[in-house]
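Visitor: The following file, query.csv, comprises CSV, C-alpha atoms and all ligand atoms:
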```
chain,number,residue,atom,x,y,z
A,299,MET,CA,0.0,0.0,0.0
A,300,LEU,CA,1.4,3.4,-1.0
A,301,VAL,CA,1.6,5.7,2.0
A,302,LEU,CA,2.7,9.4,2.2
A,303,GLY,CA,4.3,10.2,5.6
A,304,ILE,CA,4.6,13.7,7.0
A,305,GLU,CA,6.8,14.7,10.0
A,306,THR,CA,7.1,18.2,11.4
A,307,SER,CA,7.3,17.6,15.2
A,308,CYS,CA,10.5,19.4,15.8
A,309,ASP,CA,13.3,20.8,13.5
A,310,GLU,CA,13.1,18.4,10.6
A,311,THR,CA,10.6,19.0,7.8
A,312,ALA,CA,10.2,15.5,6.4
A,313,VAL,CA,8.0,13.7,3.8
A,314,ALA,CA,8.3,10.1,2.7
A,315,VAL,CA,6.6,7.7,0.3
A,316,THR,CA,6.5,4.0,1.3
A,317,ASN,CA,5.0,0.9,-0.2
A,318,ASP,CA,4.3,-1.4,2.7
A,319,ASN,CA,7.6,-1.4,4.5
A,320,LYS,CA,9.7,-0.5,1.4
A,321,ILE,CA,11.1,3.1,1.2
A,322,LEU,CA,10.4,4.8,-2.1
A,323,ALA,CA,11.4,8.3,-1.1
A,324,ASP,CA,12.8,9.8,2.1
A,325,THR,CA,13.2,13.6,2.0
A,326,VAL,CA,14.3,15.5,5.1
A,327,SER,CA,15.1,19.2,5.3
A,328,SER,CA,16.4,20.4,8.6
A,329,SER,CA,16.4,23.8,10.2
A,330,VAL,CA,19.1,22.8,12.7
A,331,HIS,CA,21.5,25.4,11.3
A,332,LEU,CA,19.1,28.1,12.4
A,333,HIS,CA,19.0,26.9,16.0
A,334,LYS,CA,22.8,26.3,16.4
A,335,ASP,CA,23.5,29.8,17.9
A,336,PHE,CA,20.8,29.3,20.6
A,337,GLY,CA,22.0,25.8,21.7
A,338,GLY,CA,18.6,24.4,21.3
A,339,VAL,CA,15.5,24.4,19.0
A,340,ILE,CA,13.5,27.7,19.0
A,341,PRO,CA,9.9,26.7,18.3
A,342,GLU,CA,8.9,29.7,16.3
A,343,ILE,CA,11.9,29.4,14.0
A,344,ALA,CA,11.1,25.7,13.5
A,345,SER,CA,7.5,26.4,12.7
A,346,ARG,CA,8.3,29.1,10.2
A,347,TYR,CA,10.8,26.9,8.5
A,348,HIS,CA,8.2,24.1,8.1
A,349,VAL,CA,5.8,26.6,6.6
A,350,GLU,CA,8.4,27.8,4.1
A,351,TYR,CA,9.8,24.4,3.1
A,352,ILE,CA,7.0,21.8,3.4
A,353,ASN,CA,5.8,22.3,-0.2
A,354,TYR,CA,9.3,21.7,-1.6
A,355,VAL,CA,9.9,18.7,0.6
A,356,LEU,CA,6.5,17.2,-0.5
A,357,LYS,CA,7.3,17.8,-4.2
A,358,ASP,CA,10.8,16.3,-3.8
A,359,ALA,CA,9.5,13.2,-2.1
A,360,LEU,CA,6.8,12.6,-4.8
A,361,ASP,CA,9.3,13.3,-7.6
A,362,LYS,CA,11.8,10.9,-6.1
A,363,ALA,CA,9.2,8.2,-5.7
A,364,LYS,CA,7.9,8.9,-9.2
A,365,ILE,CA,4.4,8.7,-7.7
A,366,GLY,CA,1.5,11.1,-8.2
A,367,LEU,CA,-0.8,12.0,-5.3
A,368,ASP,CA,-3.6,10.1,-7.1
A,369,LYS,CA,-1.8,6.8,-6.3
A,370,ILE,CA,-1.4,7.4,-2.6
A,371,LYS,CA,-3.7,5.3,-0.5
A,372,LEU,CA,-3.1,6.8,3.0
A,373,ILE,CA,-1.6,9.9,4.5
A,374,ALA,CA,0.1,9.4,7.8
A,375,VAL,CA,1.2,12.4,9.9
A,376,THR,CA,2.8,12.9,13.3
A,377,THR,CA,0.3,14.5,15.6
A,378,ARG,CA,2.2,14.0,19.0
A,379,PRO,CA,4.4,14.6,20.9
A,380,GLY,CA,6.2,17.7,19.7
A,381,LEU,CA,6.2,21.5,19.3
A,382,VAL,CA,2.5,22.3,18.7
A,383,GLY,CA,3.2,25.1,16.2
A,384,ALA,CA,5.5,22.8,14.3
A,385,LEU,CA,3.2,19.8,14.4
A,386,LEU,CA,0.3,21.9,13.1
A,387,VAL,CA,2.2,22.7,9.8
A,388,GLY,CA,2.4,19.0,8.9
A,389,ILE,CA,-1.1,18.2,10.2
A,390,SER,CA,-2.6,21.1,8.1
A,391,MET,CA,-0.8,19.8,5.0
A,392,ALA,CA,-2.0,16.3,5.7
A,393,LYS,CA,-5.6,17.4,6.2
A,394,ALA,CA,-5.6,19.5,3.1
A,395,LEU,CA,-4.2,16.7,0.9
A,396,SER,CA,-6.6,14.2,2.5
A,397,LEU,CA,-9.6,16.4,1.8
A,398,SER,CA,-8.7,17.6,-1.6
A,399,HIS,CA,-7.6,14.1,-2.9
A,400,ASP,CA,-10.1,12.0,-0.9
A,401,ILE,CA,-7.3,10.0,0.8
A,402,PRO,CA,-7.7,8.4,4.3
A,403,LEU,CA,-5.8,10.1,7.1
A,404,ILE,CA,-4.0,8.7,10.1
A,405,GLY,CA,-2.3,10.6,12.9
A,406,VAL,CA,0.6,8.8,14.6
A,407,ASP,CA,2.7,9.1,17.7
A,408,HIS,CA,6.3,10.2,17.0
A,409,LEU,CA,7.8,8.0,19.8
A,410,LEU,CA,6.1,4.8,18.6
A,411,ALA,CA,7.1,5.8,15.0
A,412,HIS,CA,10.7,5.9,16.1
A,413,LEU,CA,10.4,2.2,17.2
A,414,TYR,CA,8.6,1.3,13.9
A,415,ALA,CA,11.7,2.5,12.0
A,416,VAL,CA,13.3,-0.8,12.6
A,417,PHE,CA,10.7,-2.5,10.3
A,418,MET,CA,11.5,-0.2,7.4
A,419,ASN,CA,14.8,-1.7,6.5
A,420,GLY,CA,13.9,-5.2,5.7
A,421,GLU,CA,14.7,-6.2,9.3
A,422,SER,CA,13.0,-9.3,10.7
A,423,ALA,CA,11.9,-7.8,14.1
A,424,THR,CA,8.7,-9.3,15.5
A,425,PHE,CA,6.4,-8.6,18.4
A,426,PRO,CA,6.5,-8.6,21.4
A,427,PHE,CA,9.6,-6.5,22.1
A,428,ILE,CA,11.0,-4.0,24.6
A,429,GLY,CA,11.4,-0.7,22.9
A,430,LEU,CA,13.7,2.1,24.0
A,431,VAL,CA,13.1,5.5,22.5
A,432,VAL,CA,16.1,7.8,23.2
A,433,SER,CA,15.6,11.2,21.5
A,434,GLY,CA,16.1,14.9,22.2
A,435,GLY,CA,12.9,15.1,24.2
A,436,HIS,CA,12.3,11.6,25.5
A,437,THR,CA,13.9,8.6,27.1
A,438,SER,CA,11.1,6.0,27.3
A,439,LEU,CA,11.0,2.2,27.7
A,440,PHE,CA,7.9,0.4,26.3
A,441,LEU,CA,6.7,-3.1,26.2
A,442,VAL,CA,5.4,-3.4,22.7
A,443,LYS,CA,3.0,-6.3,22.1
A,444,ASP,CA,1.7,-5.3,18.7
A,445,VAL,CA,1.6,-2.3,16.4
A,446,ASP,CA,-1.3,-0.9,18.5
A,447,GLN,CA,-0.5,-2.3,21.9
A,448,TYR,CA,2.0,-0.5,24.0
A,449,ARG,CA,2.7,-0.1,27.7
A,450,LEU,CA,5.1,2.5,29.1
A,451,LEU,CA,7.5,0.8,31.5
A,452,GLY,CA,9.7,3.8,32.5
A,453,GLN,CA,10.8,7.2,31.3
A,454,THR,CA,13.1,10.0,32.3
A,455,LEU,CA,12.0,12.1,35.2
A,456,ASP,CA,14.0,15.1,34.1
A,457,ASP,CA,16.4,15.5,31.1
A,458,ALA,CA,16.1,13.2,28.1
A,459,ALA,CA,19.3,11.4,27.1
A,460,GLY,CA,19.6,13.5,23.9
A,461,GLU,CA,19.0,16.6,25.9
A,462,ALA,CA,21.8,15.6,28.3
A,463,PHE,CA,24.2,15.3,25.3
A,464,ASP,CA,23.0,18.7,24.0
A,465,LYS,CA,23.5,20.4,27.4
A,466,VAL,CA,26.9,18.9,28.0
A,467,ALA,CA,28.0,20.0,24.6
A,468,LYS,CA,26.7,23.5,25.4
A,469,LEU,CA,28.7,23.4,28.7
A,470,LEU,CA,31.8,22.5,26.8
A,471,ASN,CA,31.0,25.2,24.2
A,472,LEU,CA,31.1,22.7,21.4
A,473,GLY,CA,27.9,23.6,19.5
A,474,TYR,CA,24.5,22.0,18.7
A,475,PRO,CA,23.2,19.4,18.4
A,476,GLY,CA,25.4,17.9,21.1
A,477,GLY,CA,25.1,14.2,20.4
A,478,PRO,CA,27.1,13.9,17.2
A,479,ILE,CA,29.7,16.4,18.4
A,480,ILE,CA,30.2,14.7,21.8
A,481,GLU,CA,30.5,11.4,19.9
A,482,LYS,CA,33.2,12.8,17.6
A,483,ARG,CA,35.2,14.3,20.4
A,484,ALA,CA,34.8,11.2,22.6
A,485,ALA,CA,36.4,9.1,19.8
A,486,SER,CA,39.8,10.8,20.6
A,487,GLY,CA,39.3,10.8,24.3
A,488,GLU,CA,40.0,8.4,27.2
A,489,VAL,CA,37.3,7.1,29.4
A,490,ASP,CA,37.7,7.6,33.2
A,491,LYS,CA,34.8,5.6,34.7
A,492,SER,CA,35.2,7.3,38.1
A,493,LEU,CA,34.6,10.8,36.7
A,494,PHE,CA,30.8,10.9,36.4
A,495,SER,CA,28.0,9.1,38.0
A,496,ARG,CA,27.1,5.7,36.4
A,497,ASN,CA,24.4,5.3,39.0
A,498,SER,CA,21.1,4.0,37.5
A,499,PHE,CA,19.1,6.3,39.7
A,500,ASP,CA,16.9,3.8,41.4
A,501,GLU,CA,15.4,0.3,41.1
A,502,THR,CA,12.6,1.3,38.8
A,503,LEU,CA,12.8,1.6,35.0
A,504,ASN,CA,12.8,5.4,35.2
A,505,PHE,CA,15.8,7.4,34.3
A,506,SER,CA,17.3,10.6,35.6
A,507,PHE,CA,20.1,12.5,33.7
A,508,SER,CA,20.1,15.9,35.3
A,509,GLY,CA,22.6,14.8,38.0
A,510,ILE,CA,25.2,13.6,35.5
A,511,LYS,CA,24.9,16.9,33.6
A,512,THR,CA,25.5,18.8,36.9
A,513,SER,CA,28.5,16.6,37.8
A,514,VAL,CA,30.0,17.5,34.4
A,515,LEU,CA,29.4,21.2,35.2
A,516,TYR,CA,31.2,20.9,38.6
A,517,TYR,CA,34.0,18.9,37.1
A,518,ILE,CA,34.7,21.5,34.5
A,519,ARG,CA,34.5,24.3,37.1
A,520,ASP,CA,36.9,22.4,39.5
A,521,ARG,CA,39.4,21.7,36.7
A,522,LEU,CA,39.4,25.4,35.7
A,523,LYS,CA,40.0,26.3,39.3
A,524,GLU,CA,42.9,23.9,39.6
A,525,LYS,CA,44.4,25.5,36.6
A,526,ASN,CA,43.8,28.9,38.0
A,527,LEU,CA,41.5,29.8,35.1
A,528,PHE,CA,38.5,30.4,37.2
A,529,LYS,CA,38.3,31.8,40.7
A,530,LYS,CA,34.6,32.3,41.8
A,531,GLU,CA,33.1,30.0,44.4
A,532,ARG,CA,29.6,30.1,42.9
A,533,SER,CA,29.5,29.7,39.1
A,534,LYS,CA,26.9,30.0,36.4
A,535,ALA,CA,26.8,27.5,33.5
A,536,GLY,CA,27.3,30.3,31.0
A,537,GLN,CA,30.5,31.5,32.6
A,538,ILE,CA,31.9,28.0,32.8
A,539,SER,CA,31.0,27.3,29.2
A,540,ARG,CA,32.8,30.4,27.9
A,541,LEU,CA,36.0,29.3,29.7
A,542,ALA,CA,35.8,25.5,29.0
A,543,ALA,CA,37.9,25.7,25.8
A,544,ARG,CA,40.8,26.8,28.0
A,545,LEU,CA,41.0,23.2,29.4
A,546,GLY,CA,42.5,22.2,26.0
A,547,ASN,CA,41.4,19.8,23.4
A,548,GLY,CA,42.7,16.6,25.1
A,549,GLU,CA,40.9,17.3,28.3
A,550,ILE,CA,37.7,18.2,26.5
A,551,ASP,CA,37.9,14.9,24.5
A,552,ASN,CA,38.3,13.0,27.8
A,553,ILE,CA,35.3,14.7,29.4
A,554,ALA,CA,33.2,13.9,26.3
A,555,ALA,CA,34.4,10.2,26.3
A,556,SER,CA,33.7,9.8,30.1
A,557,PHE,CA,30.3,11.5,29.9
A,558,GLN,CA,29.3,9.4,26.8
A,559,ASP,CA,30.5,6.2,28.6
A,560,SER,CA,28.4,7.0,31.7
A,561,ILE,CA,25.2,7.8,30.0
A,562,THR,CA,25.4,4.9,27.6
A,563,ALA,CA,26.1,2.6,30.5
A,564,ILE,CA,23.0,3.8,32.4
A,565,LEU,CA,20.8,3.4,29.2
A,566,THR,CA,22.2,-0.1,28.6
A,567,GLU,CA,21.7,-1.3,32.2
A,568,LYS,CA,18.1,-0.1,32.5
A,569,THR,CA,17.1,-1.4,29.1
A,570,ILE,CA,18.5,-4.9,29.8
A,571,ALA,CA,16.7,-4.7,33.2
A,572,ALA,CA,13.5,-4.0,31.4
A,573,CYS,CA,14.0,-7.1,29.2
A,574,ARG,CA,14.6,-9.2,32.3
A,575,GLN,CA,11.7,-7.8,34.2
A,576,GLU,CA,9.2,-8.4,31.4
A,577,GLU,CA,10.9,-11.7,30.4
A,578,VAL,CA,11.0,-10.4,26.8
A,579,ARG,CA,14.2,-11.4,24.9
A,580,ARG,CA,13.7,-9.1,21.9
A,581,LEU,CA,14.8,-5.4,22.0
A,582,VAL,CA,14.3,-2.5,19.6
A,583,LEU,CA,15.9,0.9,19.8
A,584,GLY,CA,14.9,4.2,18.2
A,585,GLY,CA,15.5,7.9,18.3
A,586,GLY,CA,18.6,10.1,17.8
A,587,VAL,CA,20.8,8.8,20.6
A,588,SER,CA,20.5,5.3,19.1
A,589,ALA,CA,22.6,6.6,16.3
A,590,ASN,CA,25.5,6.8,18.7
A,591,THR,CA,28.2,4.2,17.8
A,592,GLN,CA,29.4,3.6,21.3
A,593,PHE,CA,25.9,3.0,22.6
A,594,ARG,CA,25.1,0.7,19.7
A,595,LYS,CA,28.2,-1.4,20.5
A,596,LYS,CA,27.6,-1.4,24.2
A,597,ILE,CA,24.0,-2.5,24.1
A,598,GLN,CA,24.9,-5.1,21.4
A,599,LYS,CA,27.4,-6.6,23.7
A,600,ALA,CA,25.0,-6.6,26.7
A,601,ALA,CA,22.2,-8.1,24.5
A,602,ILE,CA,24.5,-11.0,23.4
A,603,GLU,CA,25.6,-11.6,27.0
A,604,ASN,CA,21.9,-11.7,28.1
A,605,GLY,CA,20.6,-13.8,25.1
A,606,ILE,CA,18.5,-10.9,23.8
A,607,GLU,CA,17.8,-10.3,20.1
A,608,LEU,CA,18.6,-6.7,19.3
A,609,PHE,CA,17.2,-4.6,16.4
A,610,ILE,CA,18.5,-1.0,15.7
A,611,PRO,CA,17.5,1.0,12.7
A,612,PRO,CA,20.2,2.2,10.3
A,613,LYS,CA,21.6,5.6,11.6
A,614,ARG,CA,19.6,7.7,9.2
A,615,LEU,CA,16.4,6.2,10.4
A,616,CYS,CA,17.3,6.7,14.1
A,617,LEU,CA,17.1,10.5,13.5
A,618,ASP,CA,13.8,12.3,12.7
A,619,ASN,CA,12.3,11.2,9.4
A,620,ALA,CA,8.9,10.6,7.7
A,621,VAL,CA,9.6,7.0,6.7
A,622,MET,CA,8.9,5.8,10.2
A,623,VAL,CA,5.6,7.8,10.2
A,624,ALA,CA,4.5,6.3,6.9
A,625,GLY,CA,5.4,2.9,8.1
A,626,LEU,CA,3.6,3.0,11.4
A,627,GLY,CA,0.6,4.7,9.8
A,628,GLY,CA,0.3,2.0,7.2
A,629,ALA,CA,0.6,-0.8,9.8
A,630,LEU,CA,-2.1,0.8,12.0
A,631,TYR,CA,-4.4,1.4,9.0
A,632,LYS,CA,-4.1,-2.3,8.1
A,633,LYS,CA,-5.5,-3.0,11.6
A,634,GLY,CA,-8.6,-0.9,10.7
A,635,ILE,CA,-7.4,2.3,12.5
A,636,LYS,CA,-7.8,5.7,10.9
A,637,SER,CA,-8.3,9.3,12.0
A,638,ARG,CA,-10.9,11.9,11.4
A,639,LEU,CA,-10.2,15.3,9.9
A,640,THR,CA,-10.6,16.8,13.3
A,641,ILE,CA,-7.2,15.5,14.5
A,642,THR,CA,-5.0,18.1,16.0
A,643,ALA,CA,-1.5,18.6,17.6
A,644,GLN,CA,-0.7,17.4,21.1
A,645,SER,CA,2.5,18.4,22.9
A,646,THR,CA,2.7,15.1,24.8
A,647,SER,CA,2.6,11.5,23.8
A,648,SER,CA,-0.6,9.7,24.8
A,649,TYR,CA,1.7,6.9,26.1
A,650,CYS,CA,3.9,8.9,28.5
U,1,LIG,O1,15.1,11.5,17.5
U,1,LIG,P1,15.7,12.8,17.2
U,1,LIG,O2,16.3,13.1,15.9
U,1,LIG,O3,14.7,14.0,17.5
U,1,LIG,C1,13.8,14.0,18.5
U,1,LIG,O4,12.8,13.4,18.4
U,1,LIG,O5,14.2,14.6,19.6
U,1,LIG,O6,16.8,13.0,18.3
U,1,LIG,C2,17.6,14.2,18.5
U,1,LIG,C3,18.6,14.0,19.6
U,1,LIG,C4,19.4,15.2,19.9
U,1,LIG,O7,19.4,15.5,21.3
U,1,LIG,C5,20.8,14.8,19.5
U,1,LIG,O8,21.8,15.4,20.2
U,1,LIG,C6,20.8,13.3,19.7
U,1,LIG,O9,19.5,12.9,19.4
U,1,LIG,N1,21.7,12.6,18.8
U,1,LIG,C7,22.8,11.9,19.3
U,1,LIG,C8,23.5,11.4,18.2
U,1,LIG,N2,22.9,11.9,17.1
U,1,LIG,C9,21.8,12.6,17.5
U,1,LIG,N3,23.1,11.6,20.6
U,1,LIG,C10,24.2,10.9,20.8
U,1,LIG,N4,25.0,10.4,19.7
U,1,LIG,C11,24.7,10.7,18.4
U,1,LIG,N5,25.4,10.2,17.4
U,2,ZN,ZN,12.4,12.1,17.1
```
Could you spell out this file's structure in structure tokens?

Guide:
Amino acid sequence: MLVLGIETSCDETAVAVTNDNKILADTVSSSVHLHKDFGGVIPEIASRYHVEYINYVLKDALDKAKIGLDKIKLIAVTTRPGLVGALLVGISMAKALSLSHDIPLIGVDHLLAHLYAVFMNGESATFPFIGLVVSGGHTSLFLVKDVDQYRLLGQTLDDAAGEAFDKVAKLLNLGYPGGPIIEKRAASGEVDKSLFSRNSFDETLNFSFSGIKTSVLYYIRDRLKEKNLFKKERSKAGQISRLAARLGNGEIDNIAASFQDSITAILTEKTIAACRQEEVRRLVLGGGVSANTQFRKKIQKAAIENGIELFIPPKRLCLDNAVMVAGLGGALYKKGIKSRLTITAQSTSSYC
């Protein structure tokens, strides 16, 4: 079935065309360059970018797929969670196309779409599985019994894992988005496991990452003091960030490596614990942080040691895209689920 997917929940304007789980077109235009100077996504800038580019992105996807709108059998669009103004651009486009071309419409959850990405690459994942979504706004563990049967097992109580990468990169004055930059710097650094907390927070399947971020801040401050580069007792993150470069490249690489090692250790431990608790030996990852090579290796090793079958989408499909939206929308539609033209944007997931 030919599905048109539309994704505008954050800073990527994306449209895809899929045929069952086969990708015919996958167009993504990102406004990330416009947010770099702010160290995070500015909702109004993201929304305006979607308004300006969505027509071009749509045309590009249809051209690449060599498909006319008259052939599309379903329009799937992200309706939650995300920035409401940004989501509304994609939803408005989806409704307009649905109405004008008489095509059924389905609204999908962005987090669950991240997990569905694994099916879009010819992978042989099957239900049930434990799903870990690690993105810029979420760190959520699900028990997924079927395409329409999910249960939230745990989530972050403060910062999301991607957000922690972004904030630590900001503290080190390295730029935005932090994940890929930290990963690159970490590759040249040495891990000191004693530097930052590797504590899994508590016995539940919830996460907390704000403590590790604060311990990075204090570590940078103390190292600056030891080097007589910073004297104040109380310190603001902005001041520390402006001086961080003075620690030198080698030390910054080591901080990046140690931070990345701690956060990926916590993610791995909790995720394996979820598999054990639910007695499910199949695991699926999704979301931007699952593009991290060290995390992929670490969780792969842990999965093998625990007899768990692991499925991770290719890196491109870990990041925001419309392929996963089309895929999940198509699978739900085949189960008889569809949406009315009254669907609207929601800032939170209905599952978290
Ligand atoms: O899933 P995603 O593209 O968008 C959201 O739904 O949020 O995830 C974006 C997040 C950002 O916080 C970014 O820093 C992080 O994923 N990220 C990474 C990597 N690539 C992206 N984190 C760690 N390592 C990476 N290679
Ligand atoms: Zn995402």

Visitor: Might you pull out every residue within 7 Å of Ser307 in chain A, with all atoms listed in the file counted and same-chain residues fewer than 6 positions away left off, and present them as an NGL selection string?

Guide: :A and (376 or 380-381 or 384-385)

Visitor: Could you check the closest approach to ligand ZN 2 (chain U) for each of A:Thr591, A:Ser345, A:Asn319, A:Ser647 and tell me which residue wins, using only C-alpha atoms and all ligand atoms?

Guide: A:Ser647

Visitor: Quick one: of A:Leu503, A:Leu615, A:Leu300, A:Leu639, who's nearest to Gln575 in chain A, counting only C-alpha atoms?

Guide: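 Among A:Leu503, A:Leu615, A:Leu300, A:Leu639, it is A:Leu503 that comes nearest to Gln575 in chain A.
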
Visitor: Nearest to Asn317 in chain A: which of A:Asp407, A:Tyr448, A:Val355, A:Val301 is it, counting all atoms listed in the file?

Guide: A:Val301

Visitor: Find the residue from A:Lys371, A:His348, A:Lys633, A:Lys599 that sits nearest to Ser390 in chain A; use all atoms listed in the file when measuring.

Guide: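 Of the candidates, the smallest distance to Ser390 in chain A is held by A:His348.
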
Visitor: Could the residues that lie within 12 Å of ligand ZN 2 (chain U), counting all atoms listed in the file, be listed as a VMD selection string?

Guide: chain A and resid 305 to 312 376 378 to 381 407 to 415 431 to 438 458 460 to 461 584 to 589 614 to 623 647

Visitor: Within 8 Å of Gly605 in chain A, counting all atoms listed in the file, which residues show up once you throw out same-chain ones fewer than 3 positions away? Write them as a list in words, please.

Guide: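 The residues that qualify are Arg579, Ala601 and Ile602 of chain A.
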
Visitor: Expressed in Å to a single decimal, how great is the separation between CA of Val416 in chain A and CA of Ile401 in chain A?

Guide: 26.1 Å

Visitor: Please, which residues in range 411-506 of chain A fall within 8 Å of range 559-568 of chain A when counting all atoms listed in the file, and what is the closest atom pair and distance in Å to one decimal for each, ordered by chain then residue number, as JSON lines?

Guide:
```
{"residue": "A:Ala459", "atom": "CA", "partner": "A:Ile561", "partner_atom": "CA", "distance": 7.5}
{"residue": "A:Val489", "atom": "CA", "partner": "A:Asp559", "partner_atom": "CA", "distance": 6.9}
{"residue": "A:Lys491", "atom": "CA", "partner": "A:Ser560", "partner_atom": "CA", "distance": 7.2}
{"residue": "A:Phe494", "atom": "CA", "partner": "A:Ser560", "partner_atom": "CA", "distance": 6.6}
{"residue": "A:Ser495", "atom": "CA", "partner": "A:Ser560", "partner_atom": "CA", "distance": 6.7}
{"residue": "A:Arg496", "atom": "CA", "partner": "A:Ser560", "partner_atom": "CA", "distance": 5.0}
{"residue": "A:Asn497", "atom": "CA", "partner": "A:Ile564", "partner_atom": "CA", "distance": 6.9}
{"residue": "A:Ser498", "atom": "CA", "partner": "A:Ile564", "partner_atom": "CA", "distance": 5.4}
{"residue": "A:Leu503", "atom": "CA", "partner": "A:Lys568", "partner_atom": "CA", "distance": 6.1}
```

Visitor: Restricting the calculation to only C-alpha atoms and all ligand atoms, which member of A:Ala484, A:Ile570, A:Val582, A:Leu450 is positioned closest to ligand LIG 1 (chain U)?

Guide: A:Ala484

Visitor: Could you tell me which of A:Ser396, A:Asn419, A:Gln598, A:Gln558 comes closest to ligand LIG 1 (chain U) if we count only C-alpha atoms and all ligand atoms?

Guide: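 Residue with the minimum atom-to-atom distance to ligand LIG 1 (chain U): A:Gln558.
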